[in-house]
Amino acid sequence: MATSFIKFKKEGVWLNDYFTEISINYLLQQIEQEPSPIPEWLSSLSEWWEVIRTGCISTSMTLKFDEYLICPDRIELMNGFIEKAIAMLAGKGEFISKEELNSFVFDTTIQTYWEQPLETSRIVKTLEYFQRILKGESMEGYRQP
């Protein structure tokens with residue numbers, strides 16, 4: 001199971017790459033619902049996340065929070081996207097279907113198809129970890145989803 005250290009400023013957490021990629025998919029869905037035009041920085045960050053969600057980067061993935069979330073307004077906007085993604089996931093029930101998960105597979109030479117559904121709570125927990133590091137909360141003693 002590949003993991004990457006996802007960080008913001010002084011806080012960070014080791015997270016499963018699959019769960020991070022899926023979380024990014026749901027965040028991108030929320031960003032895509034924003035009225036046009038979106039800020040240039042958010043467009044640039046979204047382009048980077050498009051690369052991440054394809055599975056091309058593993059074990060050294062960076063979400064570039066430090067590079068793009070440089071002021072309280074940007075952090076607040078990102079936390080809003082995270083909240084919307086968590087709320088959307090709550091409507092899915094206990095599991096995310098394998099069909100939905102497989103819709104996130106872009107390249108089968110580097111990504112594998114899901115054979116079973118995934119507990120929704122694992123992705124919600126990953127998104128909550130994103131929130132915690134953006135708030136500067138200590139990740140000491142965390143437990144990977």
# chains A, B, ... in the order shown; residues from 1 in each chain; ligands from 1

$ residues_around --residues "A:Phe95" --least-positions-apart "6" --cutoff "12 Å" --atoms "only C-alpha atoms" --output "list in words"
Leu89, Leu101, Gln116, Pro117, Leu118, Glu119, Thr120, Ser121, Arg122, Ile123 and Val124 of chain A

$ write_last_selection --atoms "N, CA and C atoms" --output "short mmCIF file (atom, residue, chain, number, x, y, z; two decimals), in the first residue's frame"
data_model
loop_
_atom_site.label_atom_id
_atom_site.label_comp_id
_atom_site.auth_asym_id
_atom_site.auth_seq_id
_atom_site.Cartn_x
_atom_site.Cartn_y
_atom_site.Cartn_z
N LEU A 89 -20.57 12.88 0.26
CA LEU A 89 -20.26 11.49 0.58
C LEU A 89 -21.24 10.92 1.61
N LEU A 101 -16.04 3.91 -8.04
CA LEU A 101 -14.58 3.92 -7.84
C LEU A 101 -13.85 3.65 -9.16
N GLN A 116 -14.26 -4.48 -5.09
CA GLN A 116 -15.25 -4.40 -4.03
C GLN A 116 -15.55 -2.93 -3.76
N PRO A 117 -16.70 -2.67 -3.17
CA PRO A 117 -16.98 -1.29 -2.74
C PRO A 117 -16.01 -0.88 -1.64
N LEU A 118 -15.94 0.39 -1.38
CA LEU A 118 -15.05 0.95 -0.35
C LEU A 118 -15.90 1.65 0.70
N GLU A 119 -15.53 1.48 1.96
CA GLU A 119 -16.24 2.16 3.03
C GLU A 119 -16.12 3.68 2.84
N THR A 120 -17.25 4.33 2.78
CA THR A 120 -17.29 5.78 2.61
C THR A 120 -16.50 6.47 3.71
N SER A 121 -16.52 5.90 4.90
CA SER A 121 -15.84 6.51 6.05
C SER A 121 -14.34 6.69 5.82
N ARG A 122 -13.74 5.84 4.99
CA ARG A 122 -12.29 5.97 4.74
C ARG A 122 -11.98 7.26 3.98
N ILE A 123 -12.83 7.61 3.03
CA ILE A 123 -12.61 8.84 2.27
C ILE A 123 -12.99 10.06 3.10
N VAL A 124 -14.07 9.94 3.86
CA VAL A 124 -14.45 11.04 4.75
C VAL A 124 -13.31 11.31 5.73
#

$ residues_around --residues "stretch 71-87 of chain A" --least-positions-apart "4" --cutoff "9 Å" --atoms "only C-alpha atoms" --output "number ranges by chain"
A: 23, 26-31, 42, 65, 91, 123-124, 127-128, 130-131, 134-135

$ atom_distance --atom1 "atom CA of A:Glu50" --atom2 "atom CA of A:Glu140"
29.6 Å

$ closest_residue --among "A:Met61, A:Ile38, A:Lys92, A:Asn102" --to "A:Asp17" --atoms "only C-alpha atoms"
A:Met61

$ closest_residue --among "A:Glu40, A:Glu67, A:Glu94, A:Glu100" --to "A:Asn25" --atoms "only C-alpha atoms"
A:Glu100

$ select_by_dssp --residues "stretch 43-77 of chain A" --states "helix (DSSP H, G or I)" --output "list in words"
Ser43, Ser44, Leu45, Ser46, Glu47, Trp48, Trp49, Glu50, Val51, Ile52, Arg53, Phe65, Asp66, Glu67, Tyr68, Pro72, Asp73, Arg74, Ile75, Glu76 and Leu77 of chain A

$ write_last_selection --atoms "N, CA and C atoms" --output "mmCIF file, in the first residue's frame"
data_model
loop_
_atom_site.group_PDB
_atom_site.id
_atom_site.type_symbol
_atom_site.label_atom_id
_atom_site.label_comp_id
_atom_site.auth_asym_id
_atom_site.auth_seq_id
_atom_site.Cartn_x
_atom_site.Cartn_y
_atom_site.Cartn_z
ATOM 1 N N SER A 43 -7.583 27.332 -10.431
ATOM 2 C CA SER A 43 -7.487 26.646 -11.723
ATOM 3 C C SER A 43 -6.144 25.924 -11.852
ATOM 4 N N SER A 44 -5.090 26.590 -11.455
ATOM 5 C CA SER A 44 -3.749 25.992 -11.506
ATOM 6 C C SER A 44 -3.642 24.799 -10.563
ATOM 7 N N LEU A 45 -4.168 24.935 -9.350
ATOM 8 C CA LEU A 45 -4.158 23.832 -8.400
ATOM 9 C C LEU A 45 -4.978 22.656 -8.943
ATOM 10 N N SER A 46 -6.122 22.948 -9.533
ATOM 11 C CA SER A 46 -6.969 21.899 -10.111
ATOM 12 C C SER A 46 -6.246 21.147 -11.216
ATOM 13 N N GLU A 47 -5.481 21.854 -12.023
ATOM 14 C CA GLU A 47 -4.699 21.193 -13.079
ATOM 15 C C GLU A 47 -3.691 20.221 -12.469
ATOM 16 N N TRP A 48 -3.049 20.628 -11.368
ATOM 17 C CA TRP A 48 -2.103 19.735 -10.697
ATOM 18 C C TRP A 48 -2.832 18.512 -10.148
ATOM 19 N N TRP A 49 -3.981 18.753 -9.529
ATOM 20 C CA TRP A 49 -4.743 17.650 -8.963
ATOM 21 C C TRP A 49 -5.252 16.692 -10.041
ATOM 22 N N GLU A 50 -5.485 17.186 -11.244
ATOM 23 C CA GLU A 50 -5.874 16.308 -12.359
ATOM 24 C C GLU A 50 -4.773 15.274 -12.612
ATOM 25 N N VAL A 51 -3.526 15.693 -12.487
ATOM 26 C CA VAL A 51 -2.401 14.772 -12.655
ATOM 27 C C VAL A 51 -2.395 13.751 -11.517
ATOM 28 N N ILE A 52 -2.600 14.225 -10.305
ATOM 29 C CA ILE A 52 -2.588 13.339 -9.144
ATOM 30 C C ILE A 52 -3.663 12.269 -9.242
ATOM 31 N N ARG A 53 -4.854 12.664 -9.649
ATOM 32 C CA ARG A 53 -5.950 11.695 -9.632
ATOM 33 C C ARG A 53 -5.803 10.598 -10.675
ATOM 34 N N PHE A 65 -0.516 22.258 -1.025
ATOM 35 C CA PHE A 65 -1.237 23.167 -0.148
ATOM 36 C C PHE A 65 -0.383 24.384 0.200
ATOM 37 N N ASP A 66 0.906 24.166 0.503
ATOM 38 C CA ASP A 66 1.779 25.283 0.880
ATOM 39 C C ASP A 66 1.936 26.294 -0.251
ATOM 40 N N GLU A 67 1.937 25.813 -1.464
ATOM 41 C CA GLU A 67 2.143 26.687 -2.613
ATOM 42 C C GLU A 67 0.908 27.530 -2.945
ATOM 43 N N TYR A 68 -0.282 26.946 -2.769
ATOM 44 C CA TYR A 68 -1.498 27.622 -3.218
ATOM 45 C C TYR A 68 -2.364 28.205 -2.100
ATOM 46 N N PRO A 72 -5.633 33.257 4.466
ATOM 47 C CA PRO A 72 -6.824 32.709 5.126
ATOM 48 C C PRO A 72 -8.023 32.531 4.190
ATOM 49 N N ASP A 73 -8.219 33.440 3.236
ATOM 50 C CA ASP A 73 -9.363 33.317 2.321
ATOM 51 C C ASP A 73 -9.277 32.051 1.481
ATOM 52 N N ARG A 74 -8.088 31.705 1.022
ATOM 53 C CA ARG A 74 -7.908 30.498 0.211
ATOM 54 C C ARG A 74 -8.100 29.238 1.063
ATOM 55 N N ILE A 75 -7.593 29.283 2.279
ATOM 56 C CA ILE A 75 -7.765 28.140 3.183
ATOM 57 C C ILE A 75 -9.252 27.943 3.480
ATOM 58 N N GLU A 76 -9.949 29.031 3.729
ATOM 59 C CA GLU A 76 -11.387 28.965 4.004
ATOM 60 C C GLU A 76 -12.154 28.402 2.805
ATOM 61 N N LEU A 77 -11.796 28.839 1.608
ATOM 62 C CA LEU A 77 -12.446 28.326 0.407
ATOM 63 C C LEU A 77 -12.201 26.826 0.269
#

$ atom_distance --atom1 "atom CA of A:Leu15" --atom2 "atom CA of A:Ser103"
21.5 Å

$ residues_around --residues "A:Gly136" --least-positions-apart "2" --cutoff "12 Å" --atoms "only C-alpha atoms" --output "list of chain:residue names"
A:Lys7, A:Phe8, A:Lys9, A:Lys10, A:Glu11, A:Gly12, A:Val13, A:Ile75, A:Tyr129, A:Phe130, A:Gln131, A:Arg132, A:Ile133, A:Leu134, A:Ser138, A:Met139, A:Glu140

$ write_last_selection --atoms "N, CA and C atoms" --output "mmCIF file, in the first residue's frame"
data_model
loop_
_atom_site.group_PDB
_atom_site.id
_atom_site.type_symbol
_atom_site.label_atom_id
_atom_site.label_comp_id
_atom_site.auth_asym_id
_atom_site.auth_seq_id
_atom_site.Cartn_x
_atom_site.Cartn_y
_atom_site.Cartn_z
ATOM 1 N N LYS A 7 1.123 17.382 3.597
ATOM 2 C CA LYS A 7 1.450 18.382 4.612
ATOM 3 C C LYS A 7 0.962 19.778 4.235
ATOM 4 N N PHE A 8 0.901 20.598 5.269
ATOM 5 C CA PHE A 8 0.626 22.020 5.130
ATOM 6 C C PHE A 8 1.350 22.704 6.275
ATOM 7 N N LYS A 9 2.235 23.609 5.906
ATOM 8 C CA LYS A 9 3.077 24.289 6.875
ATOM 9 C C LYS A 9 3.804 23.264 7.737
ATOM 10 N N LYS A 10 3.561 23.279 9.045
ATOM 11 C CA LYS A 10 4.304 22.386 9.936
ATOM 12 C C LYS A 10 3.594 21.076 10.225
ATOM 13 N N GLU A 11 2.370 20.933 9.777
ATOM 14 C CA GLU A 11 1.604 19.723 10.083
ATOM 15 C C GLU A 11 1.485 18.846 8.843
ATOM 16 N N GLY A 12 1.454 17.545 9.079
ATOM 17 C CA GLY A 12 1.303 16.622 7.973
ATOM 18 C C GLY A 12 0.903 15.246 8.464
ATOM 19 N N VAL A 13 0.566 14.407 7.511
ATOM 20 C CA VAL A 13 0.083 13.082 7.839
ATOM 21 C C VAL A 13 0.399 12.125 6.686
ATOM 22 N N ILE A 75 -7.593 29.283 2.279
ATOM 23 C CA ILE A 75 -7.765 28.140 3.183
ATOM 24 C C ILE A 75 -9.252 27.943 3.480
ATOM 25 N N TYR A 129 -8.763 14.620 7.606
ATOM 26 C CA TYR A 129 -7.338 14.844 7.854
ATOM 27 C C TYR A 129 -6.847 16.062 7.087
ATOM 28 N N PHE A 130 -7.307 16.234 5.859
ATOM 29 C CA PHE A 130 -6.950 17.444 5.111
ATOM 30 C C PHE A 130 -7.365 18.673 5.924
ATOM 31 N N GLN A 131 -8.595 18.663 6.430
ATOM 32 C CA GLN A 131 -9.091 19.801 7.221
ATOM 33 C C GLN A 131 -8.213 20.053 8.442
ATOM 34 N N ARG A 132 -7.863 18.987 9.123
ATOM 35 C CA ARG A 132 -7.065 19.142 10.340
ATOM 36 C C ARG A 132 -5.716 19.781 10.058
ATOM 37 N N ILE A 133 -5.050 19.346 8.980
ATOM 38 C CA ILE A 133 -3.741 19.956 8.719
ATOM 39 C C ILE A 133 -3.897 21.389 8.226
ATOM 40 N N LEU A 134 -4.982 21.699 7.515
ATOM 41 C CA LEU A 134 -5.199 23.078 7.075
ATOM 42 C C LEU A 134 -5.489 23.993 8.259
ATOM 43 N N SER A 138 -2.493 19.364 15.361
ATOM 44 C CA SER A 138 -1.474 18.333 15.460
ATOM 45 C C SER A 138 -2.018 17.014 14.940
ATOM 46 N N MET A 139 -1.191 16.303 14.205
ATOM 47 C CA MET A 139 -1.578 14.998 13.681
ATOM 48 C C MET A 139 -0.923 13.881 14.481
ATOM 49 N N GLU A 140 -0.351 14.236 15.610
ATOM 50 C CA GLU A 140 0.278 13.235 16.464
ATOM 51 C C GLU A 140 -0.768 12.231 16.939
#

$ select_by_dssp --residues "stretch 2-140 of chain A" --states "strand (DSSP E or B)" --output "list in words"
Thr3, Ser4, Phe5, Ile6, Lys7, Phe8, Glu11, Gly12, Val13, Trp14, Leu15, Asn16, Phe95, Ile96, Leu118 and Glu119 of chain A

$ atom_distance --atom1 "atom CA of A:Pro39" --atom2 "atom CA of A:Leu69"
12.3 Å

$ residues_around --residues "A:Thr62" --least-positions-apart "6" --cutoff "8 Å" --atoms "only C-alpha atoms" --output "list in words"
Ser4, Phe5, Ile6 and Lys7 of chain A

$ decode --residues "chain A" --atoms "C-alpha atoms" --output "CSV table (one decimal), in the first residue's frame"
chain,number,residue,atom,x,y,z
A,1,MET,CA,0.0,0.0,0.0
A,2,ALA,CA,1.7,3.2,-1.2
A,3,THR,CA,1.5,6.2,1.1
A,4,SER,CA,2.5,9.8,0.8
A,5,PHE,CA,3.2,12.5,3.4
A,6,ILE,CA,0.5,15.1,2.9
A,7,LYS,CA,1.4,18.4,4.6
A,8,PHE,CA,0.6,22.0,5.1
A,9,LYS,CA,3.1,24.3,6.9
A,10,LYS,CA,4.3,22.4,9.9
A,11,GLU,CA,1.6,19.7,10.1
A,12,GLY,CA,1.3,16.6,8.0
A,13,VAL,CA,0.1,13.1,7.8
A,14,TRP,CA,1.0,9.9,6.0
A,15,LEU,CA,-2.0,8.8,3.9
A,16,ASN,CA,-2.9,6.0,1.6
A,17,ASP,CA,-2.4,7.1,-2.0
A,18,TYR,CA,-5.6,5.5,-3.3
A,19,PHE,CA,-7.7,7.2,-0.7
A,20,THR,CA,-5.9,10.5,-1.4
A,21,GLU,CA,-6.6,10.1,-5.1
A,22,ILE,CA,-10.2,9.4,-4.5
A,23,SER,CA,-10.5,12.3,-2.1
A,24,ILE,CA,-9.0,14.6,-4.8
A,25,ASN,CA,-11.6,13.3,-7.3
A,26,TYR,CA,-14.4,14.4,-5.0
A,27,LEU,CA,-12.8,17.8,-4.3
A,28,LEU,CA,-12.4,18.4,-8.0
A,29,GLN,CA,-16.1,17.6,-8.4
A,30,GLN,CA,-16.9,20.4,-5.9
A,31,ILE,CA,-14.5,22.8,-7.6
A,32,GLU,CA,-16.1,22.1,-11.0
A,33,GLN,CA,-19.4,23.2,-9.6
A,34,GLU,CA,-18.1,26.6,-8.8
A,35,PRO,CA,-19.4,29.4,-11.0
A,36,SER,CA,-17.0,30.5,-13.8
A,37,PRO,CA,-14.5,31.9,-13.8
A,38,ILE,CA,-12.7,30.4,-10.9
A,39,PRO,CA,-9.6,32.2,-9.5
A,40,GLU,CA,-6.4,31.5,-11.4
A,41,TRP,CA,-4.7,30.0,-8.4
A,42,LEU,CA,-7.6,27.5,-8.0
A,43,SER,CA,-7.5,26.6,-11.7
A,44,SER,CA,-3.7,26.0,-11.5
A,45,LEU,CA,-4.2,23.8,-8.4
A,46,SER,CA,-7.0,21.9,-10.1
A,47,GLU,CA,-4.7,21.2,-13.1
A,48,TRP,CA,-2.1,19.7,-10.7
A,49,TRP,CA,-4.7,17.6,-9.0
A,50,GLU,CA,-5.9,16.3,-12.4
A,51,VAL,CA,-2.4,14.8,-12.7
A,52,ILE,CA,-2.6,13.3,-9.1
A,53,ARG,CA,-6.0,11.7,-9.6
A,54,THR,CA,-4.7,9.7,-12.6
A,55,GLY,CA,-2.4,7.7,-10.3
A,56,CYS,CA,0.8,9.0,-12.0
A,57,ILE,CA,2.3,10.1,-8.8
A,58,SER,CA,2.6,7.7,-5.8
A,59,THR,CA,4.7,7.6,-2.6
A,60,SER,CA,5.8,11.1,-3.1
A,61,MET,CA,2.5,12.8,-3.8
A,62,THR,CA,2.1,16.5,-2.9
A,63,LEU,CA,-1.2,18.4,-2.9
A,64,LYS,CA,0.7,21.7,-3.0
A,65,PHE,CA,-1.2,23.2,-0.1
A,66,ASP,CA,1.8,25.3,0.9
A,67,GLU,CA,2.1,26.7,-2.6
A,68,TYR,CA,-1.5,27.6,-3.2
A,69,LEU,CA,-3.2,28.1,0.2
A,70,ILE,CA,-1.2,31.2,1.1
A,71,CYS,CA,-3.8,33.3,2.8
A,72,PRO,CA,-6.8,32.7,5.1
A,73,ASP,CA,-9.4,33.3,2.3
A,74,ARG,CA,-7.9,30.5,0.2
A,75,ILE,CA,-7.8,28.1,3.2
A,76,GLU,CA,-11.4,29.0,4.0
A,77,LEU,CA,-12.4,28.3,0.4
A,78,MET,CA,-10.6,25.0,0.4
A,79,ASN,CA,-12.2,24.0,3.7
A,80,GLY,CA,-15.6,24.8,2.1
A,81,PHE,CA,-14.9,22.4,-0.8
A,82,ILE,CA,-13.9,19.8,1.8
A,83,GLU,CA,-17.1,20.3,3.7
A,84,LYS,CA,-19.2,20.0,0.5
A,85,ALA,CA,-17.4,16.8,-0.5
A,86,ILE,CA,-18.0,15.3,3.0
A,87,ALA,CA,-21.7,16.2,2.8
A,88,MET,CA,-21.9,14.7,-0.6
A,89,LEU,CA,-20.3,11.5,0.6
A,90,ALA,CA,-22.7,11.3,3.5
A,91,GLY,CA,-25.5,10.9,1.0
A,92,LYS,CA,-23.8,7.8,-0.5
A,93,GLY,CA,-24.4,5.6,2.5
A,94,GLU,CA,-22.0,3.2,4.0
A,95,PHE,CA,-20.1,2.3,0.8
A,96,ILE,CA,-18.9,3.8,-2.4
A,97,SER,CA,-19.8,1.4,-5.2
A,98,LYS,CA,-17.0,-0.3,-7.1
A,99,GLU,CA,-18.6,1.1,-10.3
A,100,GLU,CA,-18.1,4.6,-9.0
A,101,LEU,CA,-14.6,3.9,-7.8
A,102,ASN,CA,-13.7,2.4,-11.2
A,103,SER,CA,-14.9,5.5,-13.0
A,104,PHE,CA,-11.9,7.2,-11.3
A,105,VAL,CA,-9.5,4.7,-13.0
A,106,PHE,CA,-7.7,6.5,-15.9
A,107,ASP,CA,-4.8,4.3,-16.8
A,108,THR,CA,-4.9,0.6,-16.0
A,109,THR,CA,-1.2,0.3,-16.5
A,110,ILE,CA,-0.7,2.2,-13.2
A,111,GLN,CA,-4.1,1.9,-11.5
A,112,THR,CA,-6.1,-1.2,-10.8
A,113,TYR,CA,-9.9,-1.7,-10.9
A,114,TRP,CA,-11.7,-2.0,-7.7
A,115,GLU,CA,-13.2,-5.4,-7.1
A,116,GLN,CA,-15.3,-4.4,-4.0
A,117,PRO,CA,-17.0,-1.3,-2.7
A,118,LEU,CA,-15.0,0.9,-0.3
A,119,GLU,CA,-16.2,2.2,3.0
A,120,THR,CA,-17.3,5.8,2.6
A,121,SER,CA,-15.8,6.5,6.1
A,122,ARG,CA,-12.3,6.0,4.7
A,123,ILE,CA,-12.6,8.8,2.3
A,124,VAL,CA,-14.5,11.0,4.8
A,125,LYS,CA,-11.6,10.4,7.2
A,126,THR,CA,-9.0,11.3,4.6
A,127,LEU,CA,-10.9,14.6,3.9
A,128,GLU,CA,-11.1,15.3,7.6
A,129,TYR,CA,-7.3,14.8,7.9
A,130,PHE,CA,-6.9,17.4,5.1
A,131,GLN,CA,-9.1,19.8,7.2
A,132,ARG,CA,-7.1,19.1,10.3
A,133,ILE,CA,-3.7,20.0,8.7
A,134,LEU,CA,-5.2,23.1,7.1
A,135,LYS,CA,-6.3,24.2,10.5
A,136,GLY,CA,-2.8,23.6,11.9
A,137,GLU,CA,-4.0,20.8,14.2
A,138,SER,CA,-1.5,18.3,15.5
A,139,MET,CA,-1.6,15.0,13.7
A,140,GLU,CA,0.3,13.2,16.5
A,141,GLY,CA,-1.3,9.9,17.2
A,142,TYR,CA,-3.5,9.9,14.1
A,143,ARG,CA,-4.7,6.6,12.7
A,144,GLN,CA,-4.7,6.2,8.9
A,145,PRO,CA,-8.1,5.5,7.5
